[in-house]
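One structure is given below, encoded as structure tokens.
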Amino acid sequence: MPAYAVAHLHDVDVNAGIVEYLKRIDATFTEFEGKFIVHGGEQRAVEGPEDSYVVVVEFPDYQAAQAWYDSPAYQAIVALRTENSVGVAVIADGCGADHVATDILGSAAG
């Protein structure tokens with residue numbers, strides 16, 4: 001099942017560091033079959049900081065997503081993002097097409 005690397009970023013300082021990060025990130029996906037699902041394009045923050053945006057990268061599975069994040073290639077550039085933006089980054093499993101919201105309640109639902 002696909003997994004995702006999701007970043008919710010704001011206060012991004014588009015400077016030489018961010019430009020370098022953007023120039024290098026695509027090459028870090030190749031080994032792990034990652035691809036952008038959401039990156040750029042029209043976005044509007046409906047809650048939270050107005051200058052925020054979301055980036056979503058899809059991987060074949062959770063292990064590939066985690067391996068990409070931990071890889072030497074990505075770790076070599078991650079500070080270029082974290083030192084020039086504020087945000088949260090998450091690695092998350094996909095939920096599948098038949099998922100409904102209450103599925104996360106498991107045995108706690110009753």
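Residues are referred to by chain and number: the chain letter is A, B, ... according to the order shown in the structure tokens, the number counts from 1 in that chain, and ligands are numbered separately from 1 in the order shown.
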Item to check | Exercise: A:Ala45 partners within 12 Å, only C-alpha atoms, chain neighbours under 5 positions left out, as a list in words | outcome: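 Within the cut-off, the hits are His8, Leu9, His10, Glu50, Asp51, Ser52, Tyr53 and Val54 of chain A.
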Go ahead and save the picked residues with N, CA, C and O atoms, as a PDB file, in the first residue's frame.
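Below you can see result-v2.pdb, which holds the result:
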```pdb
ATOM      1  N   HIS A   8       3.902  20.222   5.907  1.00  0.00           N
ATOM      2  CA  HIS A   8       3.095  21.435   5.985  1.00  0.00           C
ATOM      3  C   HIS A   8       4.059  22.544   6.387  1.00  0.00           C
ATOM      4  O   HIS A   8       4.543  22.578   7.519  1.00  0.00           O
ATOM      5  N   LEU A   9       4.364  23.407   5.444  1.00  0.00           N
ATOM      6  CA  LEU A   9       5.403  24.410   5.627  1.00  0.00           C
ATOM      7  C   LEU A   9       4.820  25.812   5.616  1.00  0.00           C
ATOM      8  O   LEU A   9       3.822  26.079   4.944  1.00  0.00           O
ATOM      9  N   HIS A  10       5.463  26.709   6.360  1.00  0.00           N
ATOM     10  CA  HIS A  10       5.126  28.125   6.298  1.00  0.00           C
ATOM     11  C   HIS A  10       6.369  28.926   6.640  1.00  0.00           C
ATOM     12  O   HIS A  10       7.411  28.369   6.991  1.00  0.00           O
ATOM     13  N   GLU A  50      -1.494  31.921   6.882  1.00  0.00           N
ATOM     14  CA  GLU A  50      -1.889  32.184   5.498  1.00  0.00           C
ATOM     15  C   GLU A  50      -0.827  31.808   4.483  1.00  0.00           C
ATOM     16  O   GLU A  50      -1.139  31.446   3.362  1.00  0.00           O
ATOM     17  N   ASP A  51       0.433  31.915   4.877  1.00  0.00           N
ATOM     18  CA  ASP A  51       1.517  31.639   3.930  1.00  0.00           C
ATOM     19  C   ASP A  51       1.955  30.178   3.963  1.00  0.00           C
ATOM     20  O   ASP A  51       3.059  29.848   3.591  1.00  0.00           O
ATOM     21  N   SER A  52       1.069  29.286   4.398  1.00  0.00           N
ATOM     22  CA  SER A  52       1.456  27.875   4.491  1.00  0.00           C
ATOM     23  C   SER A  52       1.057  27.119   3.228  1.00  0.00           C
ATOM     24  O   SER A  52       0.169  27.527   2.489  1.00  0.00           O
ATOM     25  N   TYR A  53       1.761  26.036   3.005  1.00  0.00           N
ATOM     26  CA  TYR A  53       1.418  25.147   1.904  1.00  0.00           C
ATOM     27  C   TYR A  53       1.828  23.727   2.252  1.00  0.00           C
ATOM     28  O   TYR A  53       2.591  23.496   3.183  1.00  0.00           O
ATOM     29  N   VAL A  54       1.283  22.799   1.501  1.00  0.00           N
ATOM     30  CA  VAL A  54       1.493  21.382   1.753  1.00  0.00           C
ATOM     31  C   VAL A  54       2.231  20.756   0.573  1.00  0.00           C
ATOM     32  O   VAL A  54       1.972  21.100  -0.582  1.00  0.00           O
TER      33      VAL A  54
END
```
Item to check | 7 Å contact set for stretch 77-90 of chain A, only C-alpha atoms, chain neighbours under 6 positions out, as a list in words | outcome: Ala5, Val6, Ala7, His8, Leu9, His10, Asp11, Val12, Asp13, Gly17, Ile18 and Tyr21 of chain A
Output N, CA, C and O atoms for every residue in the selection just made, as a PDB file, in the first residue's frame.
```pdb
ATOM      1  N   ALA A   5       5.097  10.993   2.296  1.00  0.00           N
ATOM      2  CA  ALA A   5       5.844  11.980   3.064  1.00  0.00           C
ATOM      3  C   ALA A   5       5.075  13.274   2.864  1.00  0.00           C
ATOM      4  O   ALA A   5       4.878  13.722   1.732  1.00  0.00           O
ATOM      5  N   VAL A   6       4.609  13.844   3.963  1.00  0.00           N
ATOM      6  CA  VAL A   6       3.780  15.044   3.907  1.00  0.00           C
ATOM      7  C   VAL A   6       4.465  16.138   4.711  1.00  0.00           C
ATOM      8  O   VAL A   6       4.862  15.909   5.860  1.00  0.00           O
ATOM      9  N   ALA A   7       4.590  17.305   4.128  1.00  0.00           N
ATOM     10  CA  ALA A   7       5.145  18.452   4.835  1.00  0.00           C
ATOM     11  C   ALA A   7       4.152  19.597   4.766  1.00  0.00           C
ATOM     12  O   ALA A   7       3.588  19.885   3.706  1.00  0.00           O
ATOM     13  N   HIS A   8       3.902  20.222   5.907  1.00  0.00           N
ATOM     14  CA  HIS A   8       3.095  21.435   5.985  1.00  0.00           C
ATOM     15  C   HIS A   8       4.059  22.544   6.387  1.00  0.00           C
ATOM     16  O   HIS A   8       4.543  22.578   7.519  1.00  0.00           O
ATOM     17  N   LEU A   9       4.364  23.407   5.444  1.00  0.00           N
ATOM     18  CA  LEU A   9       5.403  24.410   5.627  1.00  0.00           C
ATOM     19  C   LEU A   9       4.820  25.812   5.616  1.00  0.00           C
ATOM     20  O   LEU A   9       3.822  26.079   4.944  1.00  0.00           O
ATOM     21  N   HIS A  10       5.463  26.709   6.360  1.00  0.00           N
ATOM     22  CA  HIS A  10       5.126  28.125   6.298  1.00  0.00           C
ATOM     23  C   HIS A  10       6.369  28.926   6.640  1.00  0.00           C
ATOM     24  O   HIS A  10       7.411  28.369   6.991  1.00  0.00           O
ATOM     25  N   ASP A  11       6.262  30.221   6.485  1.00  0.00           N
ATOM     26  CA  ASP A  11       7.401  31.111   6.718  1.00  0.00           C
ATOM     27  C   ASP A  11       8.632  30.642   5.937  1.00  0.00           C
ATOM     28  O   ASP A  11       9.745  30.609   6.461  1.00  0.00           O
ATOM     29  N   VAL A  12       8.414  30.263   4.699  1.00  0.00           N
ATOM     30  CA  VAL A  12       9.515  29.786   3.858  1.00  0.00           C
ATOM     31  C   VAL A  12      10.293  30.991   3.333  1.00  0.00           C
ATOM     32  O   VAL A  12       9.728  31.903   2.740  1.00  0.00           O
ATOM     33  N   ASP A  13      11.577  30.983   3.588  1.00  0.00           N
ATOM     34  CA  ASP A  13      12.473  32.014   3.075  1.00  0.00           C
ATOM     35  C   ASP A  13      13.062  31.484   1.774  1.00  0.00           C
ATOM     36  O   ASP A  13      13.937  30.611   1.785  1.00  0.00           O
ATOM     37  N   GLY A  17      19.504  28.729  -0.164  1.00  0.00           N
ATOM     38  CA  GLY A  17      19.397  27.411   0.455  1.00  0.00           C
ATOM     39  C   GLY A  17      18.188  26.635  -0.035  1.00  0.00           C
ATOM     40  O   GLY A  17      18.282  25.443  -0.362  1.00  0.00           O
ATOM     41  N   ILE A  18      17.045  27.286  -0.099  1.00  0.00           N
ATOM     42  CA  ILE A  18      15.828  26.626  -0.594  1.00  0.00           C
ATOM     43  C   ILE A  18      15.969  26.291  -2.073  1.00  0.00           C
ATOM     44  O   ILE A  18      15.556  25.220  -2.527  1.00  0.00           O
ATOM     45  N   TYR A  21      17.999  23.210  -2.294  1.00  0.00           N
ATOM     46  CA  TYR A  21      17.167  22.067  -1.873  1.00  0.00           C
ATOM     47  C   TYR A  21      16.271  21.618  -3.024  1.00  0.00           C
ATOM     48  O   TYR A  21      16.198  20.423  -3.332  1.00  0.00           O
TER      49      TYR A  21
END
```
Item to check | DSSP strand (DSSP E or B) selection over chain A, as a list in words | outcome: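 Restricting chain A to strand (DSSP E or B) produces Ala3, Tyr4, Ala5, Val6, Ala7, His8, Leu9, His10, Lys35, Phe36, Ile37, Val38, Tyr53, Val54, Val55, Val56, Val57, Glu58, Phe59, Val86, Gly87, Val88, Ala89, Val90, Ile91, Ala92 and Asp93 of chain A.
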Next on the checklist: So that I can check the surroundings of A:Lys35, please list as a PyMOL selection string every protein, DNA and RNA residue that reaches within 10 Å of it, counting only C-alpha atoms and ignoring chain neighbours fewer than 2 positions away.
Outcome noted: chain A and resi 4-5+26+29-30+32-33+37-38+56-60
Next on the checklist: Just to confirm, what's the straight-line distance from atom CA of A:Gly40 to atom CA of A:His99 in Å (one decimal)?
Outcome noted: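 Atom-to-atom, atom CA of A:Gly40 and atom CA of A:His99 are spaced 27.3 Å apart.
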Checklist entry - Out of chain A, which residues get helix (DSSP H, G or I) from DSSP, as a ChimeraX atom specification? => result /A:16-32,62-70,72-75,78-82,101-108
Checklist entry - So how far away is atom CA of A:Asp103 from atom CA of A:Asp70, in Å? => result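 Between these atoms lies a distance of 29.5 Å.
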